[in-house]
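S.K.: Contents of my_file-v3.txt (compact mmCIF, C-alpha atoms) are given next:
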```
# COMPACT_ATOMS: atom_id res chain seq x y z
CA MET P 1 -49.36 -2.52 -29.30
CA ASN P 2 -48.15 -0.63 -26.25
CA ARG P 3 -48.11 -3.84 -24.27
CA GLN P 4 -45.94 -5.42 -26.90
CA SER P 5 -43.31 -2.68 -26.61
CA ILE P 6 -43.23 -2.99 -22.80
CA MET P 7 -42.73 -6.73 -23.14
CA ASN P 8 -39.89 -6.12 -25.56
CA TRP P 9 -38.29 -3.71 -23.15
CA VAL P 10 -38.48 -6.24 -20.29
CA ALA P 11 -37.14 -8.93 -22.58
CA SER P 12 -34.18 -6.75 -23.56
CA ILE P 13 -33.29 -6.27 -19.88
CA GLY P 14 -33.59 -10.02 -19.37
CA SER P 15 -31.39 -10.91 -22.28
CA ARG P 16 -28.77 -8.39 -21.19
CA VAL P 17 -28.64 -9.83 -17.67
CA LEU P 18 -28.51 -13.38 -19.01
CA SER P 19 -25.66 -12.56 -21.38
CA MET P 20 -23.81 -10.86 -18.53
CA PHE P 21 -24.07 -13.97 -16.40
CA ALA P 22 -23.09 -16.16 -19.33
CA SER P 23 -20.03 -13.99 -19.86
CA LEU P 24 -19.12 -14.27 -16.16
CA GLY P 25 -19.48 -18.03 -16.40
CA ARG P 26 -17.24 -18.23 -19.48
CA MET P 27 -14.72 -16.05 -17.63
CA ALA P 28 -14.74 -18.42 -14.64
CA LEU P 29 -14.22 -21.41 -16.95
CA PHE P 30 -11.40 -19.54 -18.71
CA VAL P 31 -9.69 -18.81 -15.39
CA LEU P 32 -10.10 -22.44 -14.31
CA SER P 33 -8.40 -23.67 -17.48
CA LEU P 34 -5.73 -20.93 -17.30
CA VAL P 35 -4.58 -21.66 -13.74
CA PRO P 36 -3.03 -25.11 -14.41
CA ALA P 37 -1.20 -23.65 -17.44
CA ILE P 38 0.53 -20.89 -15.43
CA PRO P 39 3.56 -22.97 -14.29
CA TYR P 40 4.41 -23.58 -17.97
CA SER P 41 5.33 -19.91 -18.33
CA PHE P 42 8.51 -20.70 -16.37
CA TYR P 43 9.49 -23.56 -18.73
CA ARG P 44 9.79 -21.17 -21.68
CA VAL P 45 11.53 -18.28 -19.94
CA GLU P 46 12.33 -16.43 -23.19
CA LEU P 47 8.59 -16.00 -23.84
CA LEU P 48 8.11 -14.65 -20.34
CA VAL P 49 11.03 -12.23 -20.70
CA LYS P 50 9.57 -10.95 -23.96
CA GLN P 51 6.22 -10.29 -22.28
CA VAL P 52 7.85 -8.60 -19.27
CA TYR P 53 9.57 -6.35 -21.80
CA VAL P 54 6.31 -5.54 -23.59
CA ALA P 55 4.21 -5.04 -20.45
CA GLY P 56 6.83 -3.65 -18.10
CA VAL P 57 9.72 -1.93 -19.83
CA LEU P 58 7.54 -0.28 -22.47
CA SER P 59 5.23 1.03 -19.71
CA LEU P 60 8.15 2.61 -17.86
CA PRO P 61 8.02 6.08 -19.50
CA ILE P 62 4.35 6.70 -18.70
CA ILE P 63 4.63 5.23 -15.17
CA LEU P 64 7.73 7.22 -14.25
CA THR P 65 6.44 10.50 -15.69
CA ALA P 66 3.04 10.08 -14.05
CA GLY P 67 4.71 9.19 -10.75
CA LEU P 68 6.92 12.25 -10.78
CA PHE P 69 4.03 14.61 -11.43
CA VAL P 70 1.60 12.94 -9.02
CA GLY P 71 4.18 13.24 -6.25
CA MET P 72 4.90 16.86 -7.10
CA VAL P 73 1.23 17.88 -7.18
CA LEU P 74 0.39 16.01 -3.96
CA THR P 75 3.25 17.71 -2.15
CA LEU P 76 2.34 21.13 -3.48
CA GLN P 77 -1.29 20.85 -2.40
CA GLY P 78 -0.41 19.30 0.95
CA TYR P 79 2.10 22.06 1.61
CA ASN P 80 -0.48 24.76 0.91
CA VAL P 81 -2.75 23.34 3.62
CA LEU P 82 -0.10 22.36 6.16
CA VAL P 83 1.80 25.66 6.02
CA ASP P 84 -1.21 27.35 7.67
CA TYR P 85 -0.67 25.16 10.73
CA ASN P 86 3.09 25.61 10.79
CA SER P 87 3.61 21.89 10.24
CA GLU P 88 4.86 21.86 6.65
CA GLU P 89 7.44 19.18 7.55
CA ALA P 90 4.55 16.71 7.73
CA VAL P 91 4.06 17.08 3.98
CA GLY P 92 6.53 14.24 3.38
CA THR P 93 4.57 11.94 5.66
CA MET P 94 1.34 12.83 3.92
CA THR P 95 2.78 12.23 0.46
CA ALA P 96 4.45 8.96 1.40
CA LEU P 97 1.47 7.50 3.24
CA SER P 98 -1.11 8.40 0.60
CA LEU P 99 1.16 7.04 -2.13
CA LEU P 100 2.06 3.79 -0.41
CA ARG P 101 -1.44 2.99 0.77
CA GLU P 102 -3.70 4.18 -2.03
CA LEU P 103 -2.45 6.28 -4.89
CA GLY P 104 0.61 4.22 -5.84
CA PRO P 105 -1.16 0.88 -6.35
CA VAL P 106 -4.36 2.40 -7.78
CA VAL P 107 -2.93 4.94 -10.23
CA THR P 108 -0.31 2.48 -11.46
CA ALA P 109 -3.01 -0.15 -11.96
CA LEU P 110 -5.21 2.30 -13.89
CA LEU P 111 -2.30 3.34 -16.11
CA PHE P 112 -1.30 -0.30 -16.55
CA ALA P 113 -4.85 -1.23 -17.57
CA GLY P 114 -4.82 1.49 -20.19
CA ARG P 115 -1.29 0.93 -21.42
CA ALA P 116 -0.69 -2.83 -21.19
CA GLY P 117 -4.13 -4.36 -20.56
CA SER P 118 -5.65 -2.85 -23.69
CA ALA P 119 -2.65 -3.97 -25.75
CA LEU P 120 -3.05 -7.53 -24.45
CA THR P 121 -6.71 -7.63 -25.40
CA ALA P 122 -6.10 -6.17 -28.85
CA GLU P 123 -3.23 -8.59 -29.52
CA ILE P 124 -5.14 -11.69 -28.49
CA GLY P 125 -8.34 -10.52 -30.17
CA LEU P 126 -6.45 -10.02 -33.40
CA MET P 127 -4.82 -13.43 -33.00
CA ARG P 128 -8.29 -14.90 -32.77
CA SER P 129 -9.71 -12.96 -35.69
CA THR P 130 -6.78 -14.06 -37.88
CA GLU P 131 -7.21 -17.59 -36.52
CA GLN P 132 -3.68 -17.83 -35.20
CA ILE P 133 -4.96 -19.48 -32.02
CA SER P 134 -6.80 -22.13 -34.04
CA ALA P 135 -3.63 -22.63 -36.08
CA LEU P 136 -1.64 -23.30 -32.91
CA GLU P 137 -4.27 -25.79 -31.79
CA MET P 138 -4.01 -27.49 -35.18
CA MET P 139 -0.28 -27.89 -34.62
CA ALA P 140 -1.01 -29.44 -31.21
CA VAL P 141 0.48 -26.43 -29.42
CA ASP P 142 -1.61 -25.51 -26.40
CA PRO P 143 -2.34 -21.77 -26.73
CA LEU P 144 -3.03 -21.60 -22.99
CA LYS P 145 0.54 -22.60 -22.22
CA PHE P 146 2.15 -20.84 -25.16
CA ILE P 147 0.24 -17.55 -25.37
CA PHE P 148 -1.91 -16.95 -22.31
CA ALA P 149 0.28 -18.25 -19.46
CA PRO P 150 3.38 -16.11 -20.21
CA ARG P 151 1.25 -13.01 -20.66
CA PHE P 152 -0.59 -13.60 -17.39
CA THR P 153 2.59 -14.23 -15.41
CA ALA P 154 4.30 -11.21 -16.97
CA ALA P 155 1.44 -8.88 -16.01
CA PHE P 156 1.33 -10.48 -12.58
CA ILE P 157 4.97 -9.73 -11.81
CA THR P 158 5.40 -6.43 -13.64
CA LEU P 159 2.55 -4.47 -12.03
CA PRO P 160 3.95 -4.70 -8.47
CA MET P 161 7.37 -3.75 -9.84
CA LEU P 162 5.93 -0.77 -11.69
CA THR P 163 4.05 0.23 -8.53
CA LEU P 164 7.28 0.34 -6.53
CA LEU P 165 8.94 2.43 -9.24
CA PHE P 166 5.93 4.75 -9.36
CA ILE P 167 6.03 5.29 -5.60
CA ALA P 168 9.78 5.85 -5.50
CA MET P 169 9.52 8.32 -8.37
CA ALA P 170 6.59 10.15 -6.75
CA ILE P 171 8.44 10.49 -3.46
CA LEU P 172 11.42 11.84 -5.39
CA GLY P 173 9.07 14.37 -7.04
CA GLY P 174 7.66 15.30 -3.64
CA TYR P 175 11.18 15.72 -2.28
CA LEU P 176 12.16 17.97 -5.17
CA VAL P 177 9.12 20.23 -4.68
CA ALA P 178 9.17 20.30 -0.88
CA VAL P 179 12.89 20.60 -0.20
CA GLY P 180 14.17 22.07 -3.43
CA TRP P 181 11.46 24.57 -4.17
CA LEU P 182 9.31 25.26 -1.08
CA GLY P 183 12.19 25.19 1.38
CA VAL P 184 10.99 22.49 3.77
CA ASP P 185 13.81 21.33 6.03
CA GLU P 186 15.41 18.24 4.50
CA GLY P 187 16.18 16.45 7.76
CA SER P 188 12.71 16.70 9.23
CA PHE P 189 11.15 15.86 5.84
CA TRP P 190 12.79 12.43 5.87
CA SER P 191 12.73 11.79 9.62
CA GLN P 192 9.00 12.53 9.96
CA MET P 193 8.39 10.22 7.02
CA GLN P 194 10.43 7.42 8.58
CA ALA P 195 8.73 7.90 11.94
CA SER P 196 5.23 7.40 10.61
CA VAL P 197 5.57 5.05 7.62
CA ASP P 198 5.51 1.46 8.79
CA TRP P 199 7.28 -1.17 6.74
CA ARG P 200 4.74 -3.95 7.18
CA GLU P 201 1.54 -1.94 7.64
CA ASP P 202 2.07 0.45 4.76
CA VAL P 203 4.68 -0.83 2.31
CA ILE P 204 3.81 -4.53 2.33
CA ASN P 205 0.07 -3.86 2.27
CA GLY P 206 0.50 -1.58 -0.74
CA VAL P 207 2.43 -4.29 -2.57
CA ILE P 208 -0.27 -6.85 -1.70
CA LYS P 209 -2.84 -4.50 -3.19
CA SER P 210 -0.92 -4.16 -6.43
CA ILE P 211 -0.55 -7.96 -6.69
CA ALA P 212 -4.34 -8.28 -6.39
CA PHE P 213 -4.83 -5.59 -9.05
CA ALA P 214 -2.34 -7.33 -11.34
CA ALA P 215 -4.29 -10.59 -11.21
CA LEU P 216 -7.56 -8.75 -11.84
CA ILE P 217 -6.28 -6.77 -14.84
CA ALA P 218 -4.48 -9.74 -16.38
CA ILE P 219 -7.55 -11.97 -16.15
CA ILE P 220 -9.91 -9.33 -17.56
CA ALA P 221 -7.55 -8.39 -20.41
CA LEU P 222 -6.82 -11.98 -21.44
CA TYR P 223 -10.44 -13.05 -21.16
CA GLN P 224 -11.75 -10.10 -23.17
CA GLY P 225 -9.25 -10.86 -25.93
CA PHE P 226 -10.13 -14.55 -25.85
CA ASP P 227 -13.88 -13.85 -25.85
CA ALA P 228 -13.83 -11.04 -28.45
CA ILE P 229 -16.03 -11.33 -31.52
CA PRO P 230 -13.40 -11.91 -34.22
CA THR P 231 -14.14 -8.81 -36.29
CA SER P 232 -12.42 -5.45 -36.23
CA GLU P 233 -15.41 -3.95 -34.43
CA GLY P 234 -15.52 -6.83 -31.94
CA VAL P 235 -11.83 -6.43 -31.09
CA SER P 236 -12.23 -2.69 -30.61
CA ASN P 237 -15.24 -3.24 -28.33
CA ALA P 238 -13.32 -5.83 -26.34
CA THR P 239 -10.40 -3.43 -25.89
CA THR P 240 -12.73 -0.73 -24.59
CA ARG P 241 -14.37 -3.23 -22.24
CA THR P 242 -10.97 -4.24 -20.87
CA VAL P 243 -10.08 -0.69 -19.92
CA VAL P 244 -13.52 0.10 -18.45
CA HIS P 245 -13.97 -3.17 -16.55
CA SER P 246 -10.47 -3.32 -15.15
CA SER P 247 -10.50 0.35 -14.09
CA LEU P 248 -13.81 -0.05 -12.29
CA GLY P 249 -12.69 -3.39 -10.88
CA VAL P 250 -9.48 -1.87 -9.53
CA LEU P 251 -11.36 0.97 -7.81
CA GLY P 252 -13.92 -1.40 -6.28
CA LEU P 253 -11.33 -3.93 -5.18
CA ASP P 254 -9.25 -1.11 -3.69
CA PHE P 255 -12.14 -0.10 -1.46
CA ILE P 256 -12.59 -3.70 -0.28
CA LEU P 257 -8.87 -4.17 0.38
CA THR P 258 -8.63 -0.83 2.19
CA THR P 259 -11.46 -1.71 4.54
CA MET P 260 -9.74 -5.03 5.23
CA MET P 261 -6.25 -3.59 5.74
CA PHE P 262 -6.51 -0.14 7.26
CA SER P 263 -9.74 -0.01 9.24
CA MET S 1 19.27 -13.23 -31.49
CA LYS S 2 20.45 -9.63 -31.31
CA ARG S 3 16.91 -8.45 -30.59
CA GLN S 4 16.38 -11.08 -27.88
CA LEU S 5 19.58 -9.87 -26.19
CA LYS S 6 18.37 -6.27 -26.23
CA VAL S 7 15.09 -7.34 -24.66
CA GLU S 8 16.93 -9.23 -21.96
CA ILE S 9 19.17 -6.27 -21.17
CA TRP S 10 16.15 -4.01 -20.78
CA VAL S 11 14.31 -6.49 -18.57
CA GLY S 12 17.42 -6.87 -16.43
CA ALA S 13 17.68 -3.09 -16.08
CA PHE S 14 13.99 -2.97 -15.19
CA VAL S 15 14.46 -5.55 -12.42
CA LEU S 16 17.49 -3.67 -11.08
CA MET S 17 15.59 -0.37 -11.05
CA THR S 18 12.78 -2.04 -9.11
CA LEU S 19 15.21 -3.39 -6.55
CA VAL S 20 16.79 0.05 -6.15
CA SER S 21 13.41 1.70 -5.62
CA LEU S 22 12.43 -1.00 -3.14
CA ALA S 23 15.64 -0.31 -1.23
CA VAL S 24 14.93 3.43 -1.28
CA ILE S 25 11.40 2.87 0.02
CA ALA S 26 12.65 0.48 2.70
CA LEU S 27 15.61 2.48 3.95
CA GLN S 28 14.73 6.10 3.28
CA VAL S 29 10.95 6.21 3.52
CA SER S 30 9.82 3.55 5.99
CA ASN S 31 10.98 2.41 9.38
CA PHE S 32 12.61 -0.76 8.03
CA ASN S 33 15.83 0.19 9.89
CA SER S 34 14.22 0.05 13.29
CA TRP S 35 12.90 -3.44 12.54
CA LYS S 36 16.26 -5.03 13.13
CA ALA S 37 16.02 -7.13 16.25
CA GLN S 38 17.31 -4.87 18.98
CA SER S 39 18.02 -6.69 22.21
CA SER S 40 15.88 -5.34 25.00
CA TYR S 41 14.53 -6.11 28.43
CA GLN S 42 10.93 -5.88 29.59
CA VAL S 43 9.56 -3.59 32.26
CA SER S 44 5.90 -3.11 33.08
CA ALA S 45 3.90 -0.33 34.68
CA LEU S 46 0.32 0.10 35.83
CA PHE S 47 -1.54 3.22 34.74
CA ASP S 48 -4.98 4.47 35.81
CA ASN S 49 -5.63 5.67 32.27
CA ILE S 50 -3.47 5.29 29.21
CA GLY S 51 -5.45 7.68 27.00
CA GLY S 52 -4.61 6.94 23.38
CA LEU S 53 -1.34 5.07 23.92
CA LYS S 54 -0.73 2.41 21.29
CA VAL S 55 1.50 -0.64 20.95
CA ARG S 56 4.90 0.35 19.40
CA ALA S 57 4.63 3.85 20.86
CA PRO S 58 8.07 5.13 21.89
CA ILE S 59 9.49 5.21 25.44
CA LYS S 60 11.52 8.38 25.94
CA ILE S 61 13.99 9.72 28.46
CA SER S 62 14.50 13.47 28.04
CA GLY S 63 13.04 13.14 24.57
CA VAL S 64 15.40 10.36 23.45
CA VAL S 65 13.77 7.09 22.35
CA VAL S 66 14.99 4.28 24.64
CA GLY S 67 12.37 1.63 23.90
CA ARG S 68 8.92 0.76 22.61
CA VAL S 69 5.61 -0.27 24.13
CA SER S 70 5.25 -3.99 23.41
CA ASP S 71 1.92 -4.82 24.99
CA ILE S 72 -1.09 -3.15 26.59
CA SER S 73 -3.59 -5.11 28.66
CA VAL S 74 -5.81 -4.81 31.73
CA ASP S 75 -4.24 -6.13 34.93
CA GLN S 76 -6.31 -9.03 36.28
CA ARG S 77 -6.03 -8.02 39.93
CA THR S 78 -6.15 -4.24 40.04
CA TYR S 79 -8.08 -3.58 36.81
CA LYS S 80 -5.60 -0.92 35.84
CA ALA S 81 -3.95 -0.74 32.44
CA ARG S 82 -0.74 -2.78 32.34
CA VAL S 83 1.75 -1.37 29.81
CA THR S 84 4.67 -3.64 28.99
CA MET S 85 7.70 -1.82 27.65
CA ASP S 86 10.71 -3.14 25.77
CA ILE S 87 13.68 -1.02 26.81
CA PHE S 88 16.84 -1.36 24.71
CA SER S 89 19.61 -3.25 26.45
CA GLU S 90 22.08 -0.39 26.10
CA TYR S 91 20.00 1.52 28.67
CA ASN S 92 20.36 -1.12 31.40
CA ASP S 93 21.35 1.27 34.19
CA LEU S 94 18.02 2.99 34.90
CA PRO S 95 17.32 3.40 38.65
CA ILE S 96 14.52 1.21 40.02
CA ASP S 97 12.56 4.18 41.37
CA SER S 98 12.22 5.82 37.95
CA SER S 99 8.68 6.92 37.16
CA GLY S 100 6.67 6.69 33.97
CA SER S 101 4.11 9.13 32.68
CA ILE S 102 2.07 9.19 29.52
CA LEU S 103 2.74 12.38 27.58
CA THR S 104 1.71 13.81 24.26
CA SER S 105 4.15 15.08 21.68
CA GLY S 106 2.91 18.51 20.79
CA LEU S 107 -0.64 19.62 21.40
CA LEU S 108 -2.28 17.02 19.15
CA GLY S 109 0.55 14.57 18.53
CA ASP S 110 0.92 10.88 19.34
CA GLN S 111 1.20 9.72 22.91
CA TYR S 112 4.36 8.20 24.35
CA VAL S 113 5.71 7.05 27.71
CA GLY S 114 8.15 9.48 29.30
CA LEU S 115 10.49 8.09 31.95
CA VAL S 116 11.74 10.35 34.72
CA ILE S 117 14.94 9.02 36.25
CA GLY S 118 14.98 8.37 39.99
CA GLY S 119 17.92 8.33 42.39
CA ASP S 120 18.10 4.75 43.65
CA GLU S 121 21.31 2.72 43.49
CA GLU S 122 19.44 -0.39 42.36
CA VAL S 123 18.75 -0.66 38.62
CA LEU S 124 15.71 -1.92 36.69
CA LYS S 125 15.90 -5.51 35.55
CA SER S 126 13.79 -7.54 33.17
CA GLY S 127 10.34 -8.21 34.68
CA ASP S 128 10.43 -5.31 37.12
CA GLN S 129 7.51 -2.98 37.56
CA LEU S 130 7.53 0.81 37.79
CA ASP S 131 5.74 1.88 40.97
CA LEU S 132 5.34 5.57 40.25
CA THR S 133 3.17 6.34 37.26
CA GLN S 134 1.19 9.27 36.00
CA SER S 135 -1.82 8.77 33.75
CA ALA S 136 -2.47 10.42 30.46
CA ILE S 137 -4.17 13.77 30.61
CA VAL S 138 -7.57 13.30 29.04
CA LEU S 139 -8.69 16.54 27.47
CA GLU S 140 -12.39 15.81 28.02
CA ASP S 141 -11.86 15.35 31.79
CA LEU S 142 -9.91 18.58 31.91
CA ILE S 143 -12.68 20.47 30.13
CA GLY S 144 -15.24 18.81 32.41
CA GLN S 145 -13.38 19.95 35.55
CA PHE S 146 -13.03 23.41 34.13
CA LEU S 147 -16.75 23.62 33.38
CA VAL S 148 -17.71 22.37 36.87
CA LYS S 149 -15.44 24.96 38.45
CA PHE S 150 -16.72 27.66 36.17
CA SER S 151 -20.41 26.95 36.88
CA GLY S 152 -19.65 26.73 40.62
CA ASP S 153 -18.15 30.21 40.50
CA SER S 154 -21.01 31.76 38.60
CA SER S 155 -23.68 30.38 40.98
CA LYS S 156 -22.05 32.10 43.94
```
Would you write out, as structure tokens, the structure that this file holds?

M.R.:
Amino acid sequence: MNRQSIMNWVASIGSRVLSMFASLGRMALFVLSLVPAIPYSFYRVELLVKQVYVAGVLSLPIILTAGLFVGMVLTLQGYNVLVDYNSEEAVGTMTALSLLRELGPVVTALLFAGRAGSALTAEIGLMRSTEQISALEMMAVDPLKFIFAPRFTAAFITLPMLTLLFIAMAILGGYLVAVGWLGVDEGSFWSQMQASVDWREDVINGVIKSIAFAALIAIIALYQGFDAIPTSEGVSNATTRTVVHSSLGVLGLDFILTTMMFS
Amino acid sequence: MKRQLKVEIWVGAFVLMTLVSLAVIALQVSNFNSWKAQSSYQVSALFDNIGGLKVRAPIKISGVVVGRVSDISVDQRTYKARVTMDIFSEYNDLPIDSSGSILTSGLLGDQYVGLVIGGDEEVLKSGDQLDLTQSAIVLEDLIGQFLVKFSGDSSK
């Protein structure tokens, strides 16, 4: 009796691991079939523009607001520490470096996963549950080229753009708090920042990070939608999985990229 | 058709905003300005110890940046540190007996090469070497000397 329940427990672990590997395998196959379809997103530019609008322009309010407040809070906290050492001008450097290297790409990617990634999964999952994808296949329209490729490309190009906007907005917020409110000298605020922020080391590496995050989030979101069980519960589970997996993936990938870039 | 146009206008505005923020980050925040190819000539110097000097550290005369460190290596013959410096071409009238020393900006700041101007008529040219150099002050050595002196005193 007891032995039976232990065996069941071991079997449940086994089946979970097996289904995880099967899901990873399906994801790899999905990516392999998606990659050759990506160039087609540039043949139908109006589809791509529509997706850039949905993923990028509609994410602007949350990205810009979050950026402004993240920059303001960072500057405020940094100022409180640095003012003890009489080096409060360095607060601009601290804000800019932490934003460009880490916070900008990561926070934007997390927000993007919640705002646009979940919407992608829900949309594609619902398309599957209402059999729109099968209908396209029936009409000999390749859903990979028509639905998945433009969405992937749009996410791929909008996340780095949103990251740049987030960083610019956060630095503006930091400037407002430091110079406008706390009375840090404006000239040394900018000149210290320029002296220690390197164009290639910091700015370009941050953009490379956000490109990597964009690919990760787009693949996870599209795959979860594609692989969702076509019921309302299945779609809702897939949407949750998109947000959880891509957030954790972004944080893990960020650590790997940081050790490669800045160590 | 109307709706498609609205979408396109918004996407266009989005792209423009991104370009503006990229320009702000490049010009106002980072050192993109100083990346423009500035013509320079190369001078080298041998130091006993360069401390924490790094490539791209500034070269200063009286606190004004006149160049950047372009390369740091160990000299094959003397086993001293060879620091190669790019000095901007506009400062092409430095006397040949100028000396270089490795200084620190502030108590804990970054290290840079300070040039002290000599009095010779002849000027530095590309490929020349500074003969008079002063090494970086290594704080650990200083503390070590202080401790040795201190213990010597107390044993007396």

S.K.: Between atom CA of Asp86 of chain S and atom CA of Ser191 of chain P, measure the distance and give it in Å to one decimal.

M.R.: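 Those two atoms sit 22.1 Å apart.
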
S.K.: So which residues touch Ala214 of chain P within 8 Å, counting only C-alpha atoms, skipping near sequence neighbours fewer than 5 positions away, as a list of chain:residue names?

M.R.: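 Listing them by chain and then by number gives P:Ala109, P:Ala155, P:Phe156, P:Ile157, P:Leu159, P:Pro160.
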
S.K.: Work out how far apart atom CA of Ile38 of chain P and atom CA of Ala212 of chain P are and give it in Å to one decimal.

M.R.: 16.3 Å

S.K.: May I have the residues of chain S within 9 Å of chain P, counting all atoms listed in the file, written as an MDAnalysis selection string?

M.R.: chainID S and resid 4 7:8 10:11 13:15 17:22 24:32 35

S.K.: If you measure from atom CA of Leu182 of chain P to atom CA of Asn80 of chain P, what distance in Å do you get, rounded to one decimal?

M.R.: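 Separation between atom CA of Leu182 of chain P and atom CA of Asn80 of chain P: 10.0 Å.
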
S.K.: Quick one: everything within 12 Å of Ser129 of chain P, counting only C-alpha atoms, minus sequence neighbours fewer than 6 positions away in the same chain. Send it as JSON, numbers by chain.

M.R.: {"P": [121, 122, 123, 135, 225, 226, 227, 228, 229, 230, 231, 232, 233, 234, 235, 236]}

S.K.: For each of S:Ser105, S:Ser44, S:Ser39, S:Ser99, take the minimum atom-to-atom distance to Gly118 of chain S, counting only C-alpha atoms, then give the residue where this is smallest.

M.R.: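 The shortest atom-to-atom distance to Gly118 of chain S comes from S:Ser99.
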
S.K.: Report as a VMD selection string all protein, DNA and RNA residues lying within 12 Å of Val43 of chain S, evaluated on all atoms listed in the file, omitting residues in the same chain fewer than 2 positions from it.

M.R.: chain S and resid 40 to 41 45 to 46 59 67 to 71 82 to 89 92 94 96 98 to 100 115 123 to 131

S.K.: Please list as a ChimeraX atom specification every residue within 10 Å of Asn205 of chain P, counting only C-alpha atoms and excluding residues in the same chain fewer than 4 positions away.

M.R.: /P:100-102,105,199-201,209-211,257-258,261-262

S.K.: So which residues fall inside 12 Å of (-0.2, 11.7, 37.8) if we count only C-alpha atoms? Mind giving them as an NGL selection string?

M.R.: :S and (46-50 or 99-103 or 131-138)

S.K.: Could you tell me which of S:Asp93, S:Leu142, S:Gln76, S:Gly106 comes closest to Gly119 of chain S if we count all atoms listed in the file?

M.R.: S:Asp93

S.K.: Nearest residue to Ala90 of chain P out of P:Met20, P:Ala178, P:Ile219, P:Ala116, using all atoms listed in the file?

M.R.: P:Ala178

S.K.: Padding 8 Å on every side, please: axis-aligned box over the listed atoms of segment 107-126 of chain S, centre and edge lengths to one decimal in Å, as lines of an AutoDock Vina configuration file.

M.R.:
```
center_x = 9.5
center_y = 6.0
center_z = 31.1
size_x = 39.6
size_y = 43.2
size_z = 41.1
```

S.K.: Could you give me segment 142-154 of chain P completed to N, CA and C atoms, formatted as a CSV table (one decimal), in the frame of the given file?

M.R.:
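Result written to selection00.csv:
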```
chain,number,residue,atom,x,y,z
P,142,ASP,N,-0.5,-26.0,-27.3
P,142,ASP,CA,-1.6,-25.5,-26.4
P,142,ASP,C,-1.5,-24.0,-26.3
P,143,PRO,N,-2.5,-23.2,-26.8
P,143,PRO,CA,-2.3,-21.8,-26.7
P,143,PRO,C,-2.4,-21.3,-25.3
P,144,LEU,N,-3.0,-22.0,-24.4
P,144,LEU,CA,-3.0,-21.6,-23.0
P,144,LEU,C,-1.6,-21.5,-22.4
P,145,LYS,N,-0.8,-22.6,-22.8
P,145,LYS,CA,0.5,-22.6,-22.2
P,145,LYS,C,1.5,-21.7,-23.0
P,146,PHE,N,1.2,-21.5,-24.3
P,146,PHE,CA,2.2,-20.8,-25.2
P,146,PHE,C,1.9,-19.3,-25.2
P,147,ILE,N,0.6,-19.0,-25.2
P,147,ILE,CA,0.2,-17.6,-25.4
P,147,ILE,C,-0.3,-16.9,-24.1
P,148,PHE,N,-1.2,-17.6,-23.4
P,148,PHE,CA,-1.9,-17.0,-22.3
P,148,PHE,C,-1.1,-17.0,-21.0
P,149,ALA,N,-0.4,-18.1,-20.7
P,149,ALA,CA,0.3,-18.2,-19.5
P,149,ALA,C,1.4,-17.2,-19.4
P,150,PRO,N,2.3,-17.1,-20.4
P,150,PRO,CA,3.4,-16.1,-20.2
P,150,PRO,C,2.9,-14.7,-20.1
P,151,ARG,N,1.8,-14.4,-20.8
P,151,ARG,CA,1.2,-13.0,-20.7
P,151,ARG,C,0.7,-12.8,-19.3
P,152,PHE,N,0.0,-13.8,-18.7
P,152,PHE,CA,-0.6,-13.6,-17.4
P,152,PHE,C,0.5,-13.4,-16.4
P,153,THR,N,1.5,-14.3,-16.4
P,153,THR,CA,2.6,-14.2,-15.4
P,153,THR,C,3.3,-12.9,-15.5
P,154,ALA,N,3.6,-12.5,-16.8
P,154,ALA,CA,4.3,-11.2,-17.0
P,154,ALA,C,3.5,-10.0,-16.4
```
